[in-house]
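S.K.: What follows is query_38.txt, compact mmCIF, C-alpha atoms.
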```txt
# COMPACT_ATOMS: atom_id res chain seq x y z
CA MET A 154 92.92 6.31 32.23
CA GLN A 155 89.76 8.07 33.39
CA LYS A 156 89.13 11.39 31.66
CA ASN A 157 86.59 12.69 34.16
CA PRO A 158 86.75 12.95 37.97
CA PRO A 159 84.08 10.95 39.82
CA GLY A 160 80.70 12.66 39.97
CA ILE A 161 77.33 12.50 41.71
CA VAL A 162 74.09 12.31 39.71
CA VAL A 163 71.35 14.58 41.08
CA CYS A 164 67.68 14.31 40.13
CA VAL A 165 65.82 17.65 40.27
CA GLN A 166 62.57 18.97 38.82
CA ASP A 167 64.19 22.02 37.24
CA CYS A 168 67.80 21.58 36.12
CA GLU A 169 68.25 25.15 34.94
CA ALA A 170 67.02 26.62 38.23
CA ALA A 171 69.18 24.24 40.26
CA ALA A 172 72.22 25.02 38.10
CA SER A 173 71.68 28.77 38.59
CA TRP A 174 71.38 28.31 42.37
CA LEU A 175 74.61 26.29 42.51
CA GLN A 176 76.42 28.97 40.50
CA LYS A 177 75.03 31.86 42.51
CA TYR A 178 75.59 30.49 46.01
CA LEU A 179 77.98 27.50 46.10
CA PHE A 180 80.70 28.56 43.60
CA PHE A 181 79.89 25.88 41.00
CA GLU A 182 80.55 26.50 37.32
CA ARG A 183 78.64 25.03 34.40
CA ARG A 184 81.11 22.92 32.45
CA GLU A 185 79.19 21.10 29.73
CA GLU A 186 76.03 19.19 28.93
CA THR A 187 76.20 15.45 28.45
CA VAL A 188 73.54 13.27 26.84
CA SER A 189 73.55 10.57 29.52
CA HIS A 190 74.00 12.55 32.73
CA GLY A 191 72.56 16.03 32.14
CA ILE A 192 74.12 19.36 33.09
CA ARG A 193 77.61 19.10 34.51
CA MET A 194 78.32 21.46 37.41
CA GLN A 195 81.76 21.66 38.98
CA ASN A 196 83.38 23.29 42.02
CA GLU A 197 87.03 22.26 41.74
CA ASN A 198 86.99 18.46 42.21
CA CYS A 199 83.28 18.30 43.13
CA VAL A 200 81.25 17.27 40.07
CA LEU A 201 77.45 17.13 39.97
CA TYR A 202 75.34 15.94 37.04
CA LEU A 203 71.87 17.50 37.15
CA THR A 204 69.16 15.37 35.55
CA GLU A 205 65.54 16.32 35.01
CA GLY A 206 62.96 14.27 36.83
CA GLU A 207 60.77 13.85 39.87
CA PRO A 208 63.03 12.90 42.79
CA VAL A 209 61.59 10.19 45.00
CA ILE A 210 61.63 11.34 48.62
CA ASP A 211 60.68 8.67 51.13
CA LYS A 212 58.99 9.81 54.32
CA LEU A 213 61.21 9.10 57.29
CA LYS A 214 59.51 7.07 59.99
CA THR A 215 60.20 7.71 63.65
CA GLY A 216 63.10 5.58 64.88
CA SER A 217 64.48 4.95 61.40
CA TYR A 218 66.88 6.38 58.83
CA LEU A 219 67.22 6.27 55.05
CA THR A 220 70.21 4.64 53.40
CA GLY A 221 71.92 5.70 50.16
CA ILE A 222 73.58 9.01 49.30
CA ALA A 223 72.43 11.56 51.91
CA HIS A 224 74.69 14.56 51.42
CA VAL A 225 77.64 16.05 49.57
CA ALA A 226 80.22 17.81 51.75
CA LEU A 227 82.12 20.80 50.42
CA GLN A 228 85.45 21.85 51.90
CA CYS A 229 86.09 25.14 53.59
CA THR A 230 89.24 26.47 55.25
CA ASP A 231 87.45 28.75 57.73
CA ILE A 232 84.21 27.35 59.14
CA ASP A 233 83.15 30.63 60.79
CA GLU A 234 83.69 32.55 57.57
CA ALA A 235 81.63 29.93 55.70
CA ILE A 236 78.75 30.35 58.17
CA ARG A 237 78.87 34.13 57.84
CA TYR A 238 78.88 33.83 54.06
CA ALA A 239 75.88 31.46 54.02
CA GLN A 240 73.96 33.67 56.44
CA SER A 241 74.69 36.75 54.32
CA LYS A 242 73.01 34.96 51.40
CA ASN A 243 69.98 34.01 53.54
CA LEU A 244 70.53 30.31 52.85
CA GLU A 245 68.66 27.68 54.87
CA LEU A 246 71.17 26.36 57.41
CA GLN A 247 71.31 23.58 59.96
CA LEU A 248 73.44 24.82 62.87
CA LEU A 249 73.96 24.00 66.55
CA ASN A 250 72.81 27.01 68.58
CA GLY A 251 73.99 29.35 65.83
CA THR A 252 77.38 27.75 65.34
CA CYS A 253 78.90 24.67 63.70
CA PHE A 254 78.72 21.05 64.80
CA PHE A 255 81.83 19.07 65.76
CA ASN A 256 82.43 15.44 64.86
CA PRO A 257 85.17 14.17 67.21
CA GLN A 258 87.68 11.44 66.32
CA VAL A 259 87.17 11.82 62.55
CA PHE A 260 90.60 12.03 60.91
CA GLY A 261 92.08 11.88 64.42
CA SER A 262 91.51 15.50 65.42
CA GLY A 263 87.85 15.79 64.40
CA GLU A 264 85.87 17.77 61.85
CA TYR A 265 83.75 20.93 62.09
CA TYR A 266 80.63 21.11 59.92
CA PHE A 267 77.20 22.60 59.27
CA ASN A 268 74.58 21.97 56.58
CA ILE A 269 73.12 24.05 53.77
CA VAL A 270 69.70 22.87 52.57
CA SER A 271 69.02 23.82 48.95
CA PRO A 272 65.52 24.62 47.61
CA TYR A 273 65.87 21.51 45.41
CA GLY A 274 66.22 18.87 48.13
CA MET A 275 70.01 18.69 48.03
CA VAL A 276 71.78 18.82 51.40
CA PHE A 277 75.31 20.21 51.29
CA GLU A 278 77.48 19.74 54.33
CA VAL A 279 80.25 22.32 54.75
CA SER A 280 83.27 20.72 56.41
CA ARG A 281 86.60 21.74 57.83
CA ARG A 282 88.98 19.11 59.16
CA ALA A 283 90.36 20.30 62.48
CA GLY A 284 93.92 19.33 61.62
CA LEU A 285 94.14 21.55 58.52
CA ASP A 286 95.71 24.98 58.45
CA THR A 287 93.46 27.93 57.59
CA ARG A 288 94.08 29.27 54.07
CA LYS A 289 92.78 32.41 52.42
CA ASP A 290 93.74 31.68 48.83
CA SER A 291 90.60 29.83 47.73
CA ALA A 292 86.84 30.32 47.51
CA VAL A 293 84.77 30.15 50.70
CA LEU A 294 83.55 26.70 49.57
CA SER A 295 86.29 24.96 47.65
CA GLY A 296 85.80 21.49 46.25
CA LEU A 297 84.69 18.13 47.59
CA ASP A 298 85.41 16.91 51.09
CA HIS A 299 83.31 13.75 50.97
CA VAL A 300 80.04 12.09 49.95
CA GLY A 301 77.89 10.92 52.86
CA ILE A 302 76.37 7.43 52.66
CA PRO A 303 74.28 6.08 55.55
CA SER A 304 74.26 2.30 55.32
CA PRO A 305 72.29 -0.54 56.91
CA ASP A 306 75.53 -2.51 57.42
CA LEU A 307 78.80 -0.64 57.93
CA GLU A 308 81.00 -3.69 57.45
CA ARG A 309 79.36 -4.83 54.21
CA GLU A 310 79.41 -1.28 52.81
CA MET A 311 83.11 -0.94 53.63
CA GLU A 312 83.84 -4.31 52.07
CA PHE A 313 82.03 -3.36 48.87
CA PHE A 314 84.09 -0.21 48.35
CA GLU A 315 87.36 -1.68 49.63
CA ASN A 316 87.01 -4.48 47.08
CA ASN A 317 86.91 -1.72 44.46
CA GLY A 318 90.07 0.09 45.50
CA PHE A 319 88.98 2.35 48.36
CA VAL A 320 91.19 2.55 51.47
CA ARG A 321 90.20 3.47 55.03
CA ASP A 322 91.37 6.87 56.23
CA PHE A 323 90.96 5.66 59.82
CA ALA A 324 89.42 2.74 61.71
CA PRO A 325 85.65 2.89 62.28
CA ILE A 326 84.74 5.11 65.20
CA LEU A 327 81.70 5.54 67.42
CA ASN A 328 80.31 9.04 67.90
CA ARG A 329 77.10 10.43 69.35
CA SER A 330 74.55 12.54 67.50
CA ASP A 331 71.29 13.90 68.88
CA PRO A 332 68.58 12.91 68.22
CA GLU A 333 69.89 9.89 66.28
CA GLY A 334 71.96 8.46 69.15
CA ASP A 335 75.13 6.47 68.47
CA VAL A 336 76.76 6.83 65.04
CA ARG A 337 79.32 4.42 63.65
CA CYS A 338 81.46 6.14 61.03
CA VAL A 339 84.40 5.55 58.71
CA MET A 340 85.94 7.42 55.77
CA LEU A 341 87.22 5.62 52.67
CA THR A 342 89.25 7.29 49.91
CA ARG A 343 90.40 6.37 46.43
CA ASP A 344 92.32 8.80 44.21
CA GLY A 345 91.22 11.78 46.29
CA PHE A 346 87.50 10.86 46.25
CA THR A 347 86.28 10.30 49.83
CA LEU A 348 83.16 8.54 51.07
CA GLU A 349 81.78 8.90 54.58
CA ILE A 350 80.00 5.65 55.45
CA TYR A 351 77.97 5.64 58.63
CA SER A 352 75.18 3.80 60.41
CA PHE A 353 72.92 4.35 63.42
CA PRO A 354 72.87 1.24 65.68
CA ASP A 355 69.85 2.54 67.61
CA LEU A 356 67.69 3.16 64.51
CA ILE A 357 66.11 0.98 61.83
CA PRO A 358 67.58 1.41 58.32
CA ILE A 359 65.18 1.89 55.42
CA LYS A 360 66.64 1.34 51.97
CA LYS A 361 65.86 4.37 49.83
CA SER A 362 63.72 3.63 46.81
CA GLY A 363 64.18 5.63 43.63
CA ALA A 364 66.38 8.69 43.30
CA GLY A 365 65.94 11.62 45.55
CA PRO A 366 67.80 13.74 44.91
CA PHE A 367 71.37 12.32 45.00
CA SER A 368 70.92 9.08 43.10
CA SER A 369 74.17 7.52 41.90
CA LEU A 370 77.92 7.84 41.42
CA VAL A 371 79.66 7.87 38.03
CA ASP A 372 83.22 7.62 36.70
CA LEU A 373 84.58 5.56 39.57
CA GLY A 374 85.91 2.97 37.16
CA PHE A 375 83.57 0.15 38.25
CA SER A 376 79.85 -0.57 38.43
CA GLY A 377 77.43 -2.20 40.84
CA VAL A 378 75.04 -1.47 43.67
CA SER A 379 76.29 -1.09 47.24
CA PRO A 380 74.48 -2.62 50.27
CA SER A 381 73.03 0.83 51.05
CA GLY A 382 71.48 1.00 47.57
CA VAL A 383 73.98 3.38 45.93
CA GLU A 384 74.16 2.68 42.20
CA ILE A 385 77.65 2.95 40.72
CA ILE A 386 77.54 3.67 37.00
CA ARG A 387 80.55 2.88 34.83
CA ARG A 388 80.59 5.14 31.83
CA GLU A 389 82.53 4.19 28.74
CA ALA A 390 85.34 6.60 27.84
```
Since I need it in another form, could you write the structure as structure tokens?
M.R.:
Amino acid sequence: MQKNPPGIVVCVQDCEAAASWLQKYLFFERREETVSHGIRMQNENCVLYLTEGEPVIDKLKTGSYLTGIAHVALQCTDIDEAIRYAQSKNLELQLLNGTCFFNPQVFGSGEYYFNIVSPYGMVFEVSRRAGLDTRKDSAVLSGLDHVGIPSPDLEREMEFFENNGFVRDFAPILNRSDPEGDVRCVMLTRDGFTLEIYSFPDLIPIKKSGAGPFSSLVDLGFSGVSPSGVEIIRREA
């Protein structure tokens, strides 16, 4: 039996500064330090391992997109409250004309979201599934919704994770996102850990080299490298 929930390894130049920022603004708590994966930060079921290093950030060419882990999405139960909170902290936000984006068809009824861009290169999506009831008994940002993985091949990426126990939450859908154009998207879940796998048919995929800043997944119970370049690290108990 796994002792730790799955986590995301993050490469940053200054672990202590990044840890302080996560605690101050995104409701993470510092749990422990591990020899192999650095500082462990946790917001409910969302676990990040901060490692010291120089994250490799590839320059995005026009008409292309990078594959690999692109963002970590945190749950919220009131998207407008989450926006007001982030604005009150003067965080760098990605909004649509001052409000949230809407991703139709996802989970049937769609999903509301916006992005918080950290000073350390990490992009945190804030998500609220449209079909969920609003609750007031948790933090503004409460745990993991999903990990976003743009892939060069949606079918091969799905097959990789499905062969390792993940199950589709819904059939792949086709949405539209400006300026990227069409977006093919699916969500896969195993034991409460959800991956958003998506691709842009109108753009050219570029496989991300190095780690920058989200680099790998740990404690999923298997190891390997997905078609998008995501390294899955199996840690011994």
S.K.: Compile a residue-level contact table for range 183-294 of chain A against range 328-331 of chain A at a cut-off of 8 Å, reporting for every qualifying residue the shortest atom pair and its distance in Å to one decimal, with all atoms listed in the file counted, rows ordered by chain and ascending number, as JSON lines.
M.R.:
```
{"residue": "A:Asn256", "atom": "CA", "partner": "A:Asn328", "partner_atom": "CA", "distance": 7.4}
{"residue": "A:Pro257", "atom": "CA", "partner": "A:Asn328", "partner_atom": "CA", "distance": 7.1}
{"residue": "A:Gln258", "atom": "CA", "partner": "A:Asn328", "partner_atom": "CA", "distance": 7.9}
```
S.K.: How many Å lie between CA of Phe346 in chain A and CA of Leu248 in chain A, rounded to one decimal?
M.R.: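 Atom-to-atom, CA of Phe346 in chain A to CA of Leu248 in chain A, that is 25.9 Å.
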S.K.: Could you list, as a list of chain:residue names, every residue within 7 Å of range 216-227 of chain A, counting only C-alpha atoms and ignoring same-chain residues fewer than 3 positions away?
M.R.: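 Neighbouring residues, sequence-local ones excluded: A:Leu213, A:Val276, A:Phe277, A:Glu278, A:Val279, A:Ser280, A:Leu294, A:Ser295, A:Gly296, A:Leu297, A:Asp298, A:His299, A:Val300, A:Gly301, A:Ile302, A:Pro303, A:Ser304, A:Pro305, A:Leu356, A:Ile357, A:Pro358, A:Ile359, A:Lys360, A:Lys361, A:Phe367, A:Ser368, A:Ser381, A:Gly382, A:Val383.
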S.K.: May I ask which of the residues A:Leu348, A:Val163, A:Leu203, A:Ile385 is the closest one to Asp372 in chain A, counting only C-alpha atoms?
M.R.: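 So, comparing all the options, the nearest one is A:Ile385.
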S.K.: Check the smallest atom-to-atom distance from each of A:Tyr351, A:Met194, A:Asn317, A:Leu246 to Gly374 in chain A using all atoms listed in the file, then report the winner.
M.R.: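 Ranked by minimum distance to Gly374 in chain A, first place goes to A:Asn317.
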S.K.: Within 12 Å of (73.4, 33.1, 55.3) (coordinates as in the file), grab all the protein and nucleic acid residues, counting all atoms listed in the file, and write them out as a PyMOL selection string.
M.R.: chain A and resi 178-179+233-248+251+267-270
S.K.: Counting all atoms listed in the file, select every polymer residue within 10 Å of (85.9, -1.4, 56.6) as defined in the file's coordinates, and provide the selection as a count of residues only.
M.R.: 21
S.K.: Pick from A:Cys164, A:Ser379, A:Asp231, A:Asp306: nearest to Pro354 in chain A, with all atoms listed in the file counted?
M.R.: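 Selected residue with least distance to Pro354 in chain A: A:Asp306.
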S.K.: Considering all atoms listed in the file, state which residue in the set A:Phe254, A:Trp174, A:Phe353, A:Phe180 is at the smallest distance from Ser271 in chain A.
M.R.: A:Trp174
S.K.: Considering all atoms listed in the file, can you say which of A:Val165, A:Val371, A:Asn316, A:Gly334 comes closest to Glu384 in chain A?
M.R.: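 Smallest separation from Glu384 in chain A among the options: A:Val371.
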S.K.: In Å, rounded to a single decimal, give me how far CA of Leu201 in chain A is from CA of Pro159 in chain A.
M.R.: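 Computed distance, CA of Pro159 in chain A to CA of Leu201 in chain A, equals 9.1 Å.
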S.K.: To one decimal in Å, tell me the separation between CA of Glu349 in chain A and CA of Ile326 in chain A.
M.R.: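 Rounded to one decimal, the two atoms are 11.7 Å apart.
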S.K.: Please reconstruct the missing atoms of range 343-365 of chain A (target: N, CA and C atoms) and return them as a PDB file, in the frame of the given file.
M.R.:
```pdb
ATOM      1  N   ARG A 343      89.675   6.902  47.571  1.00  0.00           N
ATOM      2  CA  ARG A 343      90.400   6.370  46.430  1.00  0.00           C
ATOM      3  C   ARG A 343      90.654   7.514  45.461  1.00  0.00           C
ATOM      4  N   ASP A 344      91.928   7.748  45.161  1.00  0.00           N
ATOM      5  CA  ASP A 344      92.320   8.800  44.210  1.00  0.00           C
ATOM      6  C   ASP A 344      91.703  10.150  44.561  1.00  0.00           C
ATOM      7  N   GLY A 345      91.703  10.489  45.852  1.00  0.00           N
ATOM      8  CA  GLY A 345      91.220  11.780  46.290  1.00  0.00           C
ATOM      9  C   GLY A 345      89.713  11.913  46.433  1.00  0.00           C
ATOM     10  N   PHE A 346      88.966  10.858  46.150  1.00  0.00           N
ATOM     11  CA  PHE A 346      87.500  10.860  46.250  1.00  0.00           C
ATOM     12  C   PHE A 346      87.117  10.126  47.535  1.00  0.00           C
ATOM     13  N   THR A 347      86.527  10.843  48.495  1.00  0.00           N
ATOM     14  CA  THR A 347      86.280  10.300  49.830  1.00  0.00           C
ATOM     15  C   THR A 347      84.800  10.049  50.066  1.00  0.00           C
ATOM     16  N   LEU A 348      84.507   8.908  50.668  1.00  0.00           N
ATOM     17  CA  LEU A 348      83.160   8.540  51.070  1.00  0.00           C
ATOM     18  C   LEU A 348      83.097   8.476  52.589  1.00  0.00           C
ATOM     19  N   GLU A 349      82.067   9.071  53.162  1.00  0.00           N
ATOM     20  CA  GLU A 349      81.780   8.900  54.580  1.00  0.00           C
ATOM     21  C   GLU A 349      80.668   7.864  54.690  1.00  0.00           C
ATOM     22  N   ILE A 350      80.986   6.718  55.265  1.00  0.00           N
ATOM     23  CA  ILE A 350      80.000   5.650  55.450  1.00  0.00           C
ATOM     24  C   ILE A 350      79.660   5.593  56.930  1.00  0.00           C
ATOM     25  N   TYR A 351      78.369   5.625  57.226  1.00  0.00           N
ATOM     26  CA  TYR A 351      77.970   5.640  58.630  1.00  0.00           C
ATOM     27  C   TYR A 351      76.660   4.902  58.827  1.00  0.00           C
ATOM     28  N   SER A 352      76.415   4.495  60.069  1.00  0.00           N
ATOM     29  CA  SER A 352      75.180   3.800  60.410  1.00  0.00           C
ATOM     30  C   SER A 352      74.772   4.199  61.821  1.00  0.00           C
ATOM     31  N   PHE A 353      73.483   4.008  62.115  1.00  0.00           N
ATOM     32  CA  PHE A 353      72.920   4.350  63.420  1.00  0.00           C
ATOM     33  C   PHE A 353      72.454   3.066  64.098  1.00  0.00           C
ATOM     34  N   PRO A 354      73.237   2.521  65.043  1.00  0.00           N
ATOM     35  CA  PRO A 354      72.870   1.240  65.680  1.00  0.00           C
ATOM     36  C   PRO A 354      71.520   1.266  66.394  1.00  0.00           C
ATOM     37  N   ASP A 355      71.091   2.451  66.841  1.00  0.00           N
ATOM     38  CA  ASP A 355      69.850   2.540  67.610  1.00  0.00           C
ATOM     39  C   ASP A 355      68.609   2.749  66.741  1.00  0.00           C
ATOM     40  N   LEU A 356      68.806   2.894  65.416  1.00  0.00           N
ATOM     41  CA  LEU A 356      67.690   3.160  64.510  1.00  0.00           C
ATOM     42  C   LEU A 356      67.541   2.031  63.491  1.00  0.00           C
ATOM     43  N   ILE A 357      66.396   1.999  62.846  1.00  0.00           N
ATOM     44  CA  ILE A 357      66.110   0.980  61.830  1.00  0.00           C
ATOM     45  C   ILE A 357      66.419   1.556  60.445  1.00  0.00           C
ATOM     46  N   PRO A 358      67.289   0.906  59.665  1.00  0.00           N
ATOM     47  CA  PRO A 358      67.580   1.410  58.320  1.00  0.00           C
ATOM     48  C   PRO A 358      66.474   1.109  57.334  1.00  0.00           C
ATOM     49  N   ILE A 359      66.165   2.074  56.497  1.00  0.00           N
ATOM     50  CA  ILE A 359      65.180   1.890  55.420  1.00  0.00           C
ATOM     51  C   ILE A 359      65.894   2.176  54.109  1.00  0.00           C
ATOM     52  N   LYS A 360      65.955   1.184  53.242  1.00  0.00           N
ATOM     53  CA  LYS A 360      66.640   1.340  51.970  1.00  0.00           C
ATOM     54  C   LYS A 360      65.865   2.294  51.071  1.00  0.00           C
ATOM     55  N   LYS A 361      66.526   3.344  50.627  1.00  0.00           N
ATOM     56  CA  LYS A 361      65.860   4.370  49.830  1.00  0.00           C
ATOM     57  C   LYS A 361      65.444   3.818  48.483  1.00  0.00           C
ATOM     58  N   SER A 362      64.200   4.069  48.110  1.00  0.00           N
ATOM     59  CA  SER A 362      63.720   3.630  46.810  1.00  0.00           C
ATOM     60  C   SER A 362      63.734   4.810  45.843  1.00  0.00           C
ATOM     61  N   GLY A 363      64.154   4.563  44.620  1.00  0.00           N
ATOM     62  CA  GLY A 363      64.180   5.630  43.630  1.00  0.00           C
ATOM     63  C   GLY A 363      65.378   6.536  43.801  1.00  0.00           C
ATOM     64  N   ALA A 364      65.270   7.751  43.287  1.00  0.00           N
ATOM     65  CA  ALA A 364      66.380   8.690  43.300  1.00  0.00           C
ATOM     66  C   ALA A 364      65.914   9.999  43.885  1.00  0.00           C
ATOM     67  N   GLY A 365      66.437  10.376  45.030  1.00  0.00           N
ATOM     68  CA  GLY A 365      65.940  11.620  45.550  1.00  0.00           C
ATOM     69  C   GLY A 365      66.775  12.276  46.634  1.00  0.00           C
TER      70      GLY A 365
END
```
